[in-house]
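S.K.: Next up, final-v1.json (JSON, C-alpha atoms).
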```
[["chain", "number", "residue", "atom", "x", "y", "z"],
["A", 1, "MET", "CA", -12.41, -8.16, -8.57],
["A", 2, "ARG", "CA", -10.63, -9.40, -11.66],
["A", 3, "ARG", "CA", -7.44, -11.25, -10.81],
["A", 4, "GLU", "CA", -5.33, -9.40, -13.40],
["A", 5, "THR", "CA", -6.06, -6.08, -11.70],
["A", 6, "LEU", "CA", -4.26, -7.42, -8.61],
["A", 7, "ARG", "CA", -0.99, -8.06, -10.47],
["A", 8, "GLU", "CA", 1.87, -6.09, -8.93],
["A", 9, "LYS", "CA", 2.59, -3.04, -11.07],
["A", 10, "ASP", "CA", 6.23, -2.47, -10.04],
["A", 11, "PRO", "CA", 8.17, -5.73, -10.16],
["A", 12, "PRO", "CA", 11.13, -6.08, -7.80],
["A", 13, "ILE", "CA", 14.63, -5.29, -8.96],
["A", 14, "TYR", "CA", 16.79, -8.41, -8.97],
["A", 15, "GLY", "CA", 20.51, -8.45, -8.33],
["A", 16, "GLU", "CA", 22.97, -10.48, -10.39],
["A", 17, "ASN", "CA", 22.13, -13.49, -8.21],
["A", 18, "ALA", "CA", 18.46, -13.53, -9.37],
["A", 19, "VAL", "CA", 17.30, -12.56, -5.86],
["A", 20, "SER", "CA", 15.70, -9.21, -5.15],
["A", 21, "LEU", "CA", 17.76, -7.08, -2.83],
["A", 22, "PRO", "CA", 16.45, -7.99, 0.63],
["A", 23, "ARG", "CA", 14.49, -5.17, 2.21],
["A", 24, "THR", "CA", 13.48, -4.49, 5.80],
["A", 25, "PHE", "CA", 10.23, -2.67, 6.52],
["A", 26, "HIS", "CA", 9.13, -0.94, 9.76],
["A", 27, "GLU", "CA", 5.36, -0.42, 9.82],
["A", 28, "PRO", "CA", 3.33, 1.41, 12.50],
["A", 29, "PRO", "CA", 0.48, -0.26, 14.42],
["A", 30, "CYS", "CA", -2.53, -1.40, 12.40],
["A", 31, "SER", "CA", -1.21, 0.07, 9.14],
["A", 32, "GLN", "CA", -1.45, -1.53, 5.73],
["A", 33, "CYS", "CA", 1.95, -3.06, 4.93],
["A", 34, "PHE", "CA", 1.06, -4.03, 1.36],
["A", 35, "VAL", "CA", -2.18, -4.04, -0.62],
["A", 36, "LEU", "CA", -3.73, -7.17, -2.05],
["A", 37, "HIS", "CA", -1.60, -8.17, -5.04],
["A", 38, "TRP", "CA", 0.22, -11.06, -6.69],
["A", 39, "HIS", "CA", 3.37, -11.53, -8.76],
["A", 40, "ASP", "CA", 5.24, -14.26, -10.60],
["A", 41, "CYS", "CA", 8.00, -14.60, -8.02],
["A", 42, "MET", "CA", 8.34, -16.53, -4.78],
["A", 43, "GLU", "CA", 8.19, -14.28, -1.73],
["A", 44, "LEU", "CA", 9.29, -15.01, 1.81],
["A", 45, "ILE", "CA", 8.54, -12.57, 4.63],
["A", 46, "ARG", "CA", 10.45, -12.99, 7.87],
["A", 47, "VAL", "CA", 8.90, -11.18, 10.83],
["A", 48, "ARG", "CA", 11.50, -9.76, 13.21],
["A", 49, "LYS", "CA", 9.29, -7.85, 15.64],
["A", 50, "GLY", "CA", 5.54, -7.43, 16.15],
["A", 51, "VAL", "CA", 2.85, -9.25, 14.20],
["A", 52, "LEU", "CA", 1.96, -9.32, 10.51],
["A", 53, "GLU", "CA", -1.66, -10.18, 9.72],
["A", 54, "LEU", "CA", -1.35, -11.98, 6.39],
["A", 55, "HIS", "CA", -4.29, -12.53, 4.04],
["A", 56, "LEU", "CA", -3.78, -15.08, 1.25],
["A", 57, "ASP", "CA", -6.00, -15.61, -1.78],
["A", 58, "GLU", "CA", -8.79, -13.62, -0.07],
["A", 59, "GLN", "CA", -9.56, -16.80, 1.95],
["A", 60, "THR", "CA", -6.78, -17.59, 4.42],
["A", 61, "THR", "CA", -5.72, -15.29, 7.24],
["A", 62, "CYS", "CA", -2.89, -15.96, 9.66],
["A", 63, "SER", "CA", -0.80, -14.04, 12.17],
["A", 64, "VAL", "CA", 2.91, -14.25, 11.41],
["A", 65, "LEU", "CA", 4.90, -13.84, 14.64],
["A", 66, "PRO", "CA", 8.54, -12.95, 15.32],
["A", 67, "GLY", "CA", 10.87, -15.65, 13.99],
["A", 68, "GLU", "CA", 8.23, -17.05, 11.65],
["A", 69, "VAL", "CA", 8.42, -16.89, 7.87],
["A", 70, "ALA", "CA", 5.39, -16.29, 5.65],
["A", 71, "VAL", "CA", 5.54, -18.33, 2.45],
["A", 72, "ILE", "CA", 3.93, -16.82, -0.64],
["A", 73, "ALA", "CA", 4.06, -18.97, -3.75],
["A", 74, "PRO", "CA", 4.23, -17.47, -7.24],
["A", 75, "ARG", "CA", 0.89, -15.95, -8.35],
["A", 76, "GLN", "CA", -0.64, -16.27, -4.88],
["A", 77, "ALA", "CA", -2.62, -13.15, -3.97],
["A", 78, "HIS", "CA", -1.59, -11.68, -0.62],
["A", 79, "GLN", "CA", -2.08, -8.64, 1.60],
["A", 80, "GLY", "CA", -0.46, -7.64, 4.89],
["A", 81, "ILE", "CA", -1.54, -5.49, 7.84],
["A", 82, "ALA", "CA", 0.60, -4.60, 10.85],
["A", 83, "GLY", "CA", -0.57, -5.88, 14.20],
["A", 84, "PRO", "CA", -1.48, -3.67, 17.18],
["A", 85, "SER", "CA", 2.17, -3.05, 18.10],
["A", 86, "GLY", "CA", 3.37, -2.58, 14.51],
["A", 87, "VAL", "CA", 5.70, -4.92, 12.65],
["A", 88, "VAL", "CA", 9.28, -5.14, 11.41],
["A", 89, "TYR", "CA", 9.87, -7.64, 8.63],
["A", 90, "ASP", "CA", 12.32, -8.63, 5.89],
["A", 91, "VAL", "CA", 11.19, -9.45, 2.34],
["A", 92, "PHE", "CA", 13.02, -11.92, 0.07],
["A", 93, "MET", "CA", 11.85, -12.46, -3.52],
["A", 94, "PHE", "CA", 13.16, -14.56, -6.40],
["A", 95, "MET", "CA", 11.95, -16.13, -9.62],
["A", 96, "VAL", "CA", 11.83, -19.89, -9.11],
["A", 97, "ALA", "CA", 12.29, -20.48, -12.86],
["A", 98, "ASP", "CA", 15.72, -18.82, -12.61],
["A", 99, "PHE", "CA", 16.82, -21.68, -10.35],
["A", 100, "LEU", "CA", 15.71, -24.52, -12.61],
["A", 101, "ASN", "CA", 18.65, -26.27, -14.21],
["A", 102, "ALA", "CA", 19.68, -29.56, -15.78],
["A", 103, "ALA", "CA", 19.89, -31.37, -12.44],
["A", 104, "PRO", "CA", 17.03, -33.88, -12.30],
["A", 105, "VAL", "CA", 16.25, -33.04, -8.67],
["A", 106, "ALA", "CA", 15.86, -29.33, -9.49],
["A", 107, "ASN", "CA", 13.45, -30.11, -12.31],
["A", 108, "LYS", "CA", 11.54, -32.65, -10.24],
["A", 109, "LEU", "CA", 11.04, -30.42, -7.21],
["A", 110, "LEU", "CA", 11.04, -26.93, -8.64],
["A", 111, "SER", "CA", 9.22, -27.21, -11.97],
["A", 112, "ALA", "CA", 5.80, -27.58, -10.28],
["A", 113, "LEU", "CA", 6.56, -24.55, -8.13],
["A", 114, "ALA", "CA", 7.75, -22.51, -11.12],
["A", 115, "GLU", "CA", 4.55, -23.47, -12.96],
["A", 116, "CYS", "CA", 2.40, -22.30, -10.00],
["A", 117, "ARG", "CA", 1.11, -25.80, -9.29],
["A", 118, "VAL", "CA", 2.33, -25.96, -5.68],
["A", 119, "SER", "CA", 1.18, -24.23, -2.53],
["A", 120, "PHE", "CA", 2.66, -24.27, 0.97],
["A", 121, "VAL", "CA", 1.49, -23.75, 4.52],
["A", 122, "PRO", "CA", 1.10, -19.97, 4.99],
["A", 123, "LYS", "CA", 3.84, -19.70, 7.61],
["A", 124, "ILE", "CA", 6.72, -21.72, 8.97],
["A", 125, "ALA", "CA", 8.28, -21.46, 12.43],
["A", 126, "LEU", "CA", 11.64, -23.05, 11.69],
["A", 127, "PRO", "CA", 14.78, -21.51, 13.21],
["A", 128, "GLU", "CA", 16.92, -23.13, 10.49],
["A", 129, "LEU", "CA", 14.91, -21.29, 7.80],
["A", 130, "ALA", "CA", 15.20, -17.95, 9.63],
["A", 131, "LYS", "CA", 18.94, -18.50, 10.02],
["A", 132, "GLN", "CA", 19.29, -19.27, 6.29],
["A", 133, "LEU", "CA", 17.36, -16.10, 5.39],
["A", 134, "ASP", "CA", 19.64, -14.06, 7.68],
["A", 135, "ALA", "CA", 22.66, -15.50, 5.87],
["A", 136, "LEU", "CA", 21.05, -14.75, 2.50],
["A", 137, "ASN", "CA", 20.36, -11.19, 3.62],
["A", 138, "ALA", "CA", 24.01, -10.73, 4.59],
["A", 139, "ALA", "CA", 25.40, -12.34, 1.45],
["A", 140, "ALA", "CA", 23.02, -11.00, -1.20],
["A", 141, "GLN", "CA", 25.18, -8.05, -2.21],
["A", 142, "GLU", "CA", 28.63, -9.10, -1.04],
["A", 143, "THR", "CA", 28.82, -12.64, -2.41],
["A", 144, "PRO", "CA", 26.19, -13.09, -5.13],
["A", 145, "LEU", "CA", 27.30, -16.56, -6.19],
["A", 146, "ALA", "CA", 27.19, -17.89, -2.62],
["A", 147, "SER", "CA", 23.71, -16.41, -2.20],
["A", 148, "VAL", "CA", 22.49, -18.49, -5.16],
["A", 149, "GLY", "CA", 23.45, -21.62, -3.21],
["A", 150, "MET", "CA", 21.62, -20.23, -0.19],
["A", 151, "VAL", "CA", 18.43, -19.90, -2.24],
["A", 152, "TYR", "CA", 18.66, -23.62, -3.02],
["A", 153, "GLN", "CA", 19.03, -24.28, 0.72],
["A", 154, "VAL", "CA", 15.94, -22.15, 1.41],
["A", 155, "LEU", "CA", 13.99, -23.98, -1.30],
["A", 156, "SER", "CA", 15.10, -27.31, 0.15],
["A", 157, "LEU", "CA", 13.80, -26.31, 3.59],
["A", 158, "LEU", "CA", 10.49, -25.15, 2.09],
["A", 159, "MET", "CA", 10.03, -28.40, 0.20],
["A", 160, "ARG", "CA", 10.89, -30.36, 3.33],
["A", 161, "TYR", "CA", 8.93, -28.47, 6.02],
["A", 162, "GLY", "CA", 6.45, -26.30, 4.13],
["A", 163, "ARG", "CA", 4.14, -29.23, 3.37],
["A", 164, "PRO", "CA", 3.97, -28.54, -0.37],
["A", 165, "VAL", "CA", 0.71, -29.57, -2.00],
["A", 166, "GLU", "CA", 0.34, -29.86, -5.74],
["A", 167, "LYS", "CA", -2.82, -28.08, -6.88],
["A", 168, "GLN", "CA", -5.36, -29.92, -8.97],
["A", 169, "ARG", "CA", -5.37, -28.75, -12.56],
["A", 170, "ASN", "CA", -8.56, -27.37, -13.92],
["A", 171, "PRO", "CA", -9.71, -29.27, -17.05],
["A", 172, "SER", "CA", -10.11, -25.94, -18.84],
["A", 173, "ASP", "CA", -6.44, -25.19, -18.10],
["A", 174, "GLU", "CA", -5.42, -28.22, -20.17],
["A", 175, "ARG", "CA", -7.67, -27.25, -23.09],
["A", 176, "PHE", "CA", -6.21, -23.77, -23.33],
["A", 177, "GLU", "CA", -2.61, -24.65, -22.51],
["A", 178, "ALA", "CA", -1.49, -24.50, -26.16],
["A", 179, "VAL", "CA", -3.17, -21.11, -26.62],
["A", 180, "ILE", "CA", -1.60, -19.75, -23.45],
["A", 181, "ASP", "CA", 1.83, -21.05, -24.48],
["A", 182, "TYR", "CA", 1.46, -19.42, -27.91],
["A", 183, "VAL", "CA", 0.38, -16.06, -26.44],
["A", 184, "ALA", "CA", 3.18, -16.14, -23.84],
["A", 185, "GLY", "CA", 5.74, -16.73, -26.60],
["A", 186, "HIS", "CA", 4.57, -13.86, -28.81]]
```
Can I see the file as structure tokens?
M.R.:
Amino acid sequence: MRRETLREKDPPIYGENAVSLPRTFHEPPCSQCFVLHWHDCMELIRVRKGVLELHLDEQTTCSVLPGEVAVIAPRQAHQGIAGPSGVVYDVFMFMVADFLNAAPVANKLLSALAECRVSFVPKIALPELAKQLDALNAAAQETPLASVGMVYQVLSLLMRYGRPVEKQRNPSDERFEAVIDYVAGH
């Protein structure tokens, strides 16, 4: 299957804080939660109840349990299926590039992620991360500016505990980089 056909057709709607409005989904047993797709944003899925069978890049499969957070990097193909007892989960999405700024640490740590050169472990069982996502969920609409700071906290936890790995660049990527940049700008 051609990768472009998997691109998400309906991009999320972002609030004024550059974070999609957090959504909670309740899926029945063994149902398809979301079809195989990818998008340009970072996506975090926090499982509240049940099990989410997560398939990443058509290669990796893992069971995301209650309290765990699935980590889906920009442009990473993913699909989800509810476990035998169903699943309840929250979805958080944001464009990493919207959080790049003049601070050297932001550019150092986030530019590789924004450029899709970093991958993470597929799931993280870290109570501090789940707590931060709960706070982000509560603040997203009421205090948009505070929620921006919470996204930086979430990114900090991911960079610290998500075992980020920079992907090797394909030599052909470097040859066509100027062409891709030109096409993207026009």
S.K.: Show which residues sit within 12 Å of Val148 of chain A, as a VMD selection string. Count only C-alpha atoms, and ignore same-chain residues fewer than 3 positions away.
M.R.: chain A and resid 15 to 20 94 to 96 98 to 100 132 to 133 135 to 137 139 to 145 151 to 155
S.K.: Could you tell me how far atom CA of Ala82 of chain A sits from atom CA of Gln32 of chain A, in Å to one decimal place?
M.R.: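 Atom CA of Ala82 of chain A lies at a distance of 6.3 Å from atom CA of Gln32 of chain A.
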S.K.: Any idea what's packed within 9 Å of Glu68 of chain A, counting only C-alpha atoms, ignoring anything in its chain fewer than 4 positions away? Could you give it as a list in words?
M.R.: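 The neighbour list is Ile45, Arg46, Val47, Arg48, Val64, Lys123, Ile124, Ala125, Leu126, Pro127, Leu129 and Ala130 of chain A.
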S.K.: Give me the residues near Ser63 of chain A as a list in words, where near means some atom within 12 Å (using only C-alpha atoms) and where sequence neighbours in that chain fewer than 3 positions away do not count.
M.R.: Val47, Gly50, Val51, Leu52, Glu53, Leu54, His55, Leu56, Thr60, Pro66, Gly67, Glu68, Val69, Ala70, Gln79, Gly80, Ile81, Ala82, Gly83, Pro84, Val87, Pro122, Lys123, Ile124 and Ala125 of chain A
S.K.: Could you name the residues that touch Pro164 of chain A at 12 Å or less, counting only C-alpha atoms, but leaving out those on the same chain fewer than 6 positions away, as an mmCIF file with C-alpha atoms, in the coordinates of the input?
M.R.:
```
data_model
loop_
_atom_site.group_PDB
_atom_site.id
_atom_site.type_symbol
_atom_site.label_atom_id
_atom_site.label_comp_id
_atom_site.auth_asym_id
_atom_site.auth_seq_id
_atom_site.Cartn_x
_atom_site.Cartn_y
_atom_site.Cartn_z
ATOM 1 C CA VAL A 71 5.540 -18.330 2.450
ATOM 2 C CA ILE A 72 3.930 -16.820 -0.640
ATOM 3 C CA ALA A 73 4.060 -18.970 -3.750
ATOM 4 C CA LEU A 109 11.040 -30.420 -7.210
ATOM 5 C CA LEU A 110 11.040 -26.930 -8.640
ATOM 6 C CA ALA A 112 5.800 -27.580 -10.280
ATOM 7 C CA LEU A 113 6.560 -24.550 -8.130
ATOM 8 C CA CYS A 116 2.400 -22.300 -10.000
ATOM 9 C CA ARG A 117 1.110 -25.800 -9.290
ATOM 10 C CA VAL A 118 2.330 -25.960 -5.680
ATOM 11 C CA SER A 119 1.180 -24.230 -2.530
ATOM 12 C CA PHE A 120 2.660 -24.270 0.970
ATOM 13 C CA VAL A 121 1.490 -23.750 4.520
ATOM 14 C CA PRO A 122 1.100 -19.970 4.990
ATOM 15 C CA LYS A 123 3.840 -19.700 7.610
ATOM 16 C CA ILE A 124 6.720 -21.720 8.970
ATOM 17 C CA LEU A 155 13.990 -23.980 -1.300
ATOM 18 C CA SER A 156 15.100 -27.310 0.150
ATOM 19 C CA LEU A 157 13.800 -26.310 3.590
ATOM 20 C CA LEU A 158 10.490 -25.150 2.090
#
```
S.K.: Separation of atom CA of Lys9 of chain A and atom CA of Trp38 of chain A, in Å?
M.R.: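 These two atoms are separated by 9.4 Å.
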S.K.: Using all atoms listed in the file, can you tell me which of A:Lys49, A:Ala77, A:Cys41, A:Tyr161 comes closest to Tyr14 of chain A?
M.R.: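 Smallest separation from Tyr14 of chain A among the options: A:Cys41.
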S.K.: Mind giving me the straight-line distance from atom CA of Thr24 of chain A to atom CA of Pro12 of chain A in Å, one decimal?
M.R.: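 Computing the Euclidean distance for atom CA of Thr24 of chain A and atom CA of Pro12 of chain A yields 13.9 Å.
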S.K.: Which is closer to Lys108 of chain A than all the others in A:Cys30, A:Gln59, A:Met150, A:Met159, using only C-alpha atoms?
M.R.: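 Among A:Cys30, A:Gln59, A:Met150, A:Met159, it is A:Met159 that comes nearest to Lys108 of chain A.
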S.K.: With distances taken over only C-alpha atoms, which of A:Gly86, A:Asp10, A:Ser31, A:Ala114 is nearest to Asn101 of chain A?
M.R.: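 Ranked by minimum distance to Asn101 of chain A, first place goes to A:Ala114.
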S.K.: Would you compute, for all listed atoms of segment 84-99 of chain A, the axis-aligned bounding box grown by 4 Å on each side, and then report its centre and edge lengths in Å rounded to one decimal, as lines of an AutoDock Vina configuration file?
M.R.:
```
center_x = 7.7
center_y = -12.1
center_z = 2.6
size_x = 26.3
size_y = 27.1
size_z = 39.0
```
